[in-house]
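Asker: The structure that follows is given in the form of structure tokens.
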Amino acid sequence: MIAPQLCVTALSKAFGGVMAVDQVSFDLEPGKVNSIIGPNGAGKTTLLNLLTGVYAPSAGNVVFDGADVTGLAPHQLAARGMGRTFQNLQVFFNMSALENVMVGRHLRERAGWLAAMLRSPRLAAGERESREEAAGLMQFVGLGEYLGAEADAMPYGALKRLEIARALGGRPKLLLLDEPAAGLNQTETQAINALIVRLAQSGVTVVLVEHNMRLVMGVSDHIVVLDYGRKLCEGSAEQVRNDPRVIEAYLGSAEPEAC
Amino acid sequence: MNLRTPRTGGLALLAAVILFLPLALVNNYWYEVAILVGINAIVCVGLNLLIGYAGQISLGHAGFFGLGAYGSAVLTARYGWPPAAALAATTAGVALLALLVGRPILKLKGHYLAMATLGLGVIISIVVVTEDRLTGGPDGMSVPAFTLFGLALAGERLWYWIVGGVLLAAVWIALNLIESPAGRALRALHGSEVGAQVSGIDATRAKLGIFVISAVFASLAGSMTAHYAGFITPGKVGFFHSIELVTMVVFGGMASTFGAVIGAATLTLLPQLLTVLKEYEMVVFGAVLIATMVFLPRGFLPSLVFILKKKQK
């Protein structure tokens, strides 16, 4: 058996008295596409925020590549190889598309203040390299036509992919995508689907939070189902699809509920 | 390659303006005005890196300007330090202070950061006024001329070229920084702090770095003012000067280095030109500011560029 890349143990997050994520545990294998699904308010985005350090967990721990990373800040987790996108876009609208992707390379760039202020020849050479690699990443996610565009002039679907390109700039080992297909039409969703498959083939572990079931069932090797902050079940697409608890969580039970 | 960055073109234009401006400076009074414009522009270029690019407000930068001025003044006049050594020690001292103070206050955001930097400026101003044995208190103090290799740097014409050269260097440094990994990190923080953090940017460190750099710009401008004018008073250290500096940055256009220069030039020149209006001076000055922000909401230079681009299409 392959050692898991990410081990989540009894992870919890309380907002006041509400347990947004409650004792959730699962392991993710490297190089696979893993999806986290669940009805609205199940705690999927909160879980993603816990994994990437945006929120600090109330309890539990996260082990990434064999090291305990619980409570580390987002930039520290990025340095260890985590990249992510956001459900509500966190694009830098004050910059060009290319610069957005260049920011994604931040950890691999010479970021010294003095060299920057005096524009050392090495820094200038690094800038050219950065620009070329960022352009390559934009082409990889299918944004070749926006190479010269300002971020605030791009359509929604392109911005979704721009965030993926930015995340790839950090060469992540683990890439977490928060609803990459939300608000996209069918053609765009298919493009995202193909992109996820290509990423997994290149060895990146993907964590997908998504409502589009056709996308999830099509690309996922492993699915974790959340409901009311708890893990309902996990398994392959086939297992999850036929699990009566999942059907109940999404469609309600046959018994009339008191409300 | 990147048409958006007017690096060399803008720098060449600024150099040409500095070079040929003396043809229009008919007497020493106008040289003084030009030097004042240059000094304010240096502070604003640094402040714009903090406010315009990194999106962090400071209402205390006159404090750093004042520390630079009084640091150089006190070390040379009271302790007999050579001016170059005083300048170096003062700049290092201000950088250290900005580093120590910045660490706790840059955790604050928006109005709270404004309040904290305001407090910092007020404290510095009070120290300058009350430590009258060192600073001369409200009466101010005289400052020896800056000497380099035994030569005293004096006279408006010489200082015009010094300030002009430093301004050109300041603009060059700012343009370099903006188009570098460190500068992109700052702009990214302004665009989306969480987006920057998950890209691996240490937000605290980046904010602290630019806070220190902008404080050093202000401190250097302060030291130059002290030696050039030969006399300083606490007026330039106070809250109103801080507000004046922020207004220049906003007027010229946030996140535009040349905008900061234009803002400093306009708001330094305008009161001089408006003196003919006597008692209506401040009314017209205020009206000009309001009209600019209503009709050119992005600030002078970015709005102008925006309008020109629109016309081209």
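Convention: chains lettered A, B, ... in structure tokens order; per-chain residue numbering from 1; ligands numbered from 1 as shown.
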As a ChimeraX atom specification, could you give me every residue of chain B near chain A (at most 7 Å apart, counting only C-alpha atoms)?

Answerer: /B:173-174,176-177,180-182,184-185,188,191-192,195,197-202

Asker: Hey, could you make a per-residue contact list for range 192-253 of chain B against range 59-67 of chain B with 12 Å as the cut-off, showing the nearest pair of atoms and its distance in Å to one decimal, counting only C-alpha atoms, sorted by chain and number, as a Markdown table?

Answerer:
| residue | atom | partner | partner_atom | distance |
| --- | --- | --- | --- | --- |
| B:Phe211 | CA | B:His61 | CA | 9.9 |
| B:Val212 | CA | B:Phe64 | CA | 10.0 |
| B:Ile213 | CA | B:Phe64 | CA | 11.1 |
| B:Ser214 | CA | B:His61 | CA | 8.4 |
| B:Ala215 | CA | B:Phe64 | CA | 5.7 |
| B:Val216 | CA | B:Phe64 | CA | 7.7 |
| B:Phe217 | CA | B:Phe65 | CA | 8.3 |
| B:Ala218 | CA | B:Phe65 | CA | 4.6 |
| B:Ser219 | CA | B:Phe65 | CA | 4.5 |
| B:Leu220 | CA | B:Phe65 | CA | 7.4 |
| B:Ala221 | CA | B:Phe65 | CA | 6.5 |
| B:Gly222 | CA | B:Phe65 | CA | 4.5 |
| B:Ser223 | CA | B:Phe65 | CA | 7.8 |
| B:Met224 | CA | B:Phe65 | CA | 9.9 |
| B:Thr225 | CA | B:Phe65 | CA | 9.2 |
| B:Ala226 | CA | B:Gly66 | CA | 9.3 |
| B:Ile232 | CA | B:Gly66 | CA | 9.2 |
| B:Thr233 | CA | B:Gly66 | CA | 9.2 |
| B:Pro234 | CA | B:Gly66 | CA | 7.5 |
| B:Gly235 | CA | B:Gly66 | CA | 9.0 |
| B:Lys236 | CA | B:Gly66 | CA | 6.5 |
| B:Val237 | CA | B:Gly66 | CA | 4.6 |
| B:Gly238 | CA | B:Ala62 | CA | 6.3 |
| B:Phe239 | CA | B:Ala62 | CA | 7.0 |
| B:Phe240 | CA | B:Ala62 | CA | 8.3 |
| B:His241 | CA | B:Ala62 | CA | 5.7 |
| B:Ser242 | CA | B:Ala62 | CA | 4.6 |
| B:Ile243 | CA | B:Leu59 | CA | 6.4 |
| B:Glu244 | CA | B:Ala62 | CA | 9.0 |
| B:Leu245 | CA | B:Ala62 | CA | 7.7 |
| B:Val246 | CA | B:Leu59 | CA | 7.2 |
| B:Thr247 | CA | B:Leu59 | CA | 10.3 |
| B:Val249 | CA | B:Leu59 | CA | 11.9 |

Asker: Residues of the last selection are to be written out with N, CA and C atoms, as a compact mmCIF listing (two decimals), in the first residue's frame.

Answerer:
# COMPACT_ATOMS: atom_id res chain seq x y z
N PHE B 211 6.88 48.97 4.64
CA PHE B 211 6.72 50.02 5.66
C PHE B 211 8.08 50.62 5.99
N VAL B 212 9.09 49.77 6.17
CA VAL B 212 10.45 50.23 6.48
C VAL B 212 11.01 51.03 5.31
N ILE B 213 10.83 50.52 4.09
CA ILE B 213 11.38 51.21 2.92
C ILE B 213 10.75 52.60 2.77
N SER B 214 9.44 52.68 2.93
CA SER B 214 8.78 53.99 2.78
C SER B 214 9.20 54.93 3.91
N ALA B 215 9.45 54.40 5.10
CA ALA B 215 9.92 55.24 6.21
C ALA B 215 11.32 55.78 5.90
N VAL B 216 12.16 54.94 5.29
CA VAL B 216 13.52 55.37 4.93
C VAL B 216 13.48 56.49 3.88
N PHE B 217 12.60 56.36 2.89
CA PHE B 217 12.43 57.43 1.89
C PHE B 217 12.11 58.75 2.60
N ALA B 218 11.15 58.70 3.54
CA ALA B 218 10.73 59.92 4.25
C ALA B 218 11.88 60.46 5.10
N SER B 219 12.60 59.57 5.76
CA SER B 219 13.69 59.98 6.63
C SER B 219 14.80 60.67 5.83
N LEU B 220 15.14 60.09 4.69
CA LEU B 220 16.19 60.70 3.84
C LEU B 220 15.76 62.09 3.38
N ALA B 221 14.50 62.22 2.98
CA ALA B 221 14.00 63.52 2.55
C ALA B 221 14.07 64.52 3.71
N GLY B 222 13.77 64.04 4.93
CA GLY B 222 13.85 64.90 6.11
C GLY B 222 15.27 65.36 6.36
N SER B 223 16.23 64.44 6.32
CA SER B 223 17.64 64.80 6.53
C SER B 223 18.09 65.84 5.51
N MET B 224 17.70 65.64 4.25
CA MET B 224 18.10 66.59 3.20
C MET B 224 17.51 67.97 3.48
N THR B 225 16.22 67.98 3.88
CA THR B 225 15.57 69.26 4.17
C THR B 225 16.32 70.02 5.27
N ALA B 226 16.70 69.30 6.34
CA ALA B 226 17.37 69.93 7.47
C ALA B 226 18.66 70.60 7.01
N ILE B 232 15.23 73.99 11.11
CA ILE B 232 13.98 73.22 11.07
C ILE B 232 13.10 73.54 12.27
N THR B 233 11.79 73.44 12.04
CA THR B 233 10.81 73.65 13.11
C THR B 233 9.91 72.42 13.15
N PRO B 234 9.19 72.22 14.27
CA PRO B 234 8.35 71.01 14.39
C PRO B 234 7.16 70.99 13.43
N GLY B 235 6.89 72.06 12.71
CA GLY B 235 5.74 72.12 11.83
C GLY B 235 5.69 70.97 10.84
N LYS B 236 6.84 70.61 10.30
CA LYS B 236 6.91 69.56 9.28
C LYS B 236 6.78 68.15 9.86
N VAL B 237 6.76 68.04 11.20
CA VAL B 237 6.71 66.72 11.84
C VAL B 237 5.27 66.32 12.15
N GLY B 238 4.38 67.33 12.16
CA GLY B 238 3.05 67.13 12.73
C GLY B 238 2.06 66.40 11.84
N PHE B 239 0.89 66.22 12.43
CA PHE B 239 -0.21 65.49 11.81
C PHE B 239 -0.61 66.09 10.47
N PHE B 240 -0.63 67.43 10.39
CA PHE B 240 -1.11 68.05 9.15
C PHE B 240 -0.19 67.76 7.97
N HIS B 241 1.10 67.67 8.25
CA HIS B 241 2.01 67.34 7.16
C HIS B 241 1.78 65.89 6.70
N SER B 242 1.49 64.99 7.64
CA SER B 242 1.16 63.60 7.26
C SER B 242 -0.03 63.55 6.32
N ILE B 243 -1.06 64.33 6.69
CA ILE B 243 -2.27 64.36 5.88
C ILE B 243 -1.96 64.93 4.49
N GLU B 244 -1.13 66.00 4.49
CA GLU B 244 -0.74 66.62 3.23
C GLU B 244 -0.08 65.58 2.31
N LEU B 245 0.82 64.77 2.88
CA LEU B 245 1.54 63.77 2.09
C LEU B 245 0.57 62.73 1.51
N VAL B 246 -0.36 62.24 2.35
CA VAL B 246 -1.33 61.25 1.85
C VAL B 246 -2.19 61.87 0.76
N THR B 247 -2.58 63.14 0.95
CA THR B 247 -3.40 63.82 -0.06
C THR B 247 -2.66 63.90 -1.40
N VAL B 249 -0.44 61.81 -2.56
CA VAL B 249 -0.44 60.48 -3.16
C VAL B 249 -1.80 60.18 -3.79

Asker: Select from range 30-243 of chain A everything DSSP, run on the backbone, classes as helix (DSSP H, G or I), then give the selection as an NGL selection string.

Answerer: :A and (44-51 or 74-79 or 97-104 or 106-108 or 113-118 or 121-140 or 144-146 or 151-153 or 156-169 or 186-201 or 213-219 or 237-241)

Asker: Mind running range 201-222 of chain A against range 181-192 of chain A at 12 Å and telling me each contacting residue's nearest atom pair with the distance in Å (one decimal), counting only C-alpha atoms, chain and number ascending, as CSV?

Answerer:
residue,atom,partner,partner_atom,distance
A:Leu208,CA,A:Ala181,CA,10.1
A:Val209,CA,A:Ala181,CA,9.6
A:Glu210,CA,A:Ala181,CA,7.2
A:His211,CA,A:Ala182,CA,7.5
A:Asn212,CA,A:Ala181,CA,7.2
A:Met213,CA,A:Ala181,CA,10.6
A:Arg214,CA,A:Thr189,CA,9.9
A:Leu215,CA,A:Thr189,CA,7.7
A:Val216,CA,A:Ala181,CA,10.2
A:Gly218,CA,A:Gln190,CA,10.5
A:Val219,CA,A:Ile192,CA,10.4

Asker: Can you list, as a PyMOL selection string, every protein, DNA or RNA residue that comes within 12 Å of Asn34 in chain A when you count only C-alpha atoms, leaving out same-chain residues fewer than 5 positions away?

Answerer: chain A and resi 5-6+26-29+174-177+196-197+200+204-210+215-225+234-237

Asker: Could you write those residues out with C-alpha atoms, as an mmCIF file, in the first residue's frame?

Answerer:
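That gives us again32.cif:
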data_model
loop_
_atom_site.group_PDB
_atom_site.id
_atom_site.type_symbol
_atom_site.label_atom_id
_atom_site.label_comp_id
_atom_site.auth_asym_id
_atom_site.auth_seq_id
_atom_site.Cartn_x
_atom_site.Cartn_y
_atom_site.Cartn_z
ATOM 1 C CA GLN A 5 0.085 12.005 1.145
ATOM 2 C CA LEU A 6 -2.434 13.636 3.423
ATOM 3 C CA PHE A 26 -9.627 10.516 5.932
ATOM 4 C CA ASP A 27 -6.429 9.670 4.062
ATOM 5 C CA LEU A 28 -5.557 10.733 0.506
ATOM 6 C CA GLU A 29 -3.215 8.799 -1.746
ATOM 7 C CA LEU A 174 -1.426 18.742 -3.601
ATOM 8 C CA LEU A 175 -3.887 20.970 -5.458
ATOM 9 C CA LEU A 176 -7.221 21.840 -3.858
ATOM 10 C CA LEU A 177 -9.900 23.146 -6.221
ATOM 11 C CA ILE A 196 -8.052 17.771 -13.830
ATOM 12 C CA VAL A 197 -7.314 14.456 -15.541
ATOM 13 C CA ALA A 200 -3.514 13.904 -11.952
ATOM 14 C CA VAL A 204 -0.409 16.093 -8.735
ATOM 15 C CA THR A 205 -2.829 14.966 -6.051
ATOM 16 C CA VAL A 206 -6.112 16.757 -6.662
ATOM 17 C CA VAL A 207 -8.755 17.562 -4.070
ATOM 18 C CA LEU A 208 -11.951 18.649 -5.732
ATOM 19 C CA VAL A 209 -14.849 20.302 -3.955
ATOM 20 C CA GLU A 210 -17.709 20.354 -6.434
ATOM 21 C CA LEU A 215 -17.867 16.011 -13.156
ATOM 22 C CA VAL A 216 -17.248 14.474 -9.722
ATOM 23 C CA MET A 217 -18.365 10.962 -10.643
ATOM 24 C CA GLY A 218 -16.410 11.093 -13.897
ATOM 25 C CA VAL A 219 -12.992 12.124 -12.621
ATOM 26 C CA SER A 220 -12.794 10.984 -8.986
ATOM 27 C CA ASP A 221 -10.734 8.032 -7.801
ATOM 28 C CA HIS A 222 -11.966 8.579 -4.290
ATOM 29 C CA ILE A 223 -14.887 10.512 -2.830
ATOM 30 C CA VAL A 224 -15.469 11.771 0.720
ATOM 31 C CA VAL A 225 -19.061 12.707 1.527
ATOM 32 C CA GLU A 234 -16.087 7.575 1.630
ATOM 33 C CA GLY A 235 -15.140 5.316 -1.231
ATOM 34 C CA SER A 236 -15.128 5.026 -5.003
ATOM 35 C CA ALA A 237 -17.737 6.754 -7.153
#

Asker: Counting only C-alpha atoms, which residue out of B:Val163, B:Leu118, B:Ser125, B:Gly93 sits closest to Tyr31 in chain B?

Answerer: B:Val163

Asker: Between CA of Glu150 in chain A and CA of His111 in chain B, what is the spacing in Å?

Answerer: 29.3 Å

Asker: Within range 23-242 of chain B, find each residue whose DSSP state, derived from the backbone, is strand (DSSP E or B), and express the selection as a list in words.

Answerer: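 Matching residues, listed in order: Met141, Ser142, Phe146, Thr147, Leu148, Leu151, Ala152, Leu153, Phe231 and Ile232 of chain B.
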
Asker: Report, in Å to a single decimal, how far apart CA of Ile57 in chain B and CA of Leu99 in chain B are.

Answerer: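 Spanning CA of Leu99 in chain B to CA of Ile57 in chain B is a straight-line distance of 15.9 Å.
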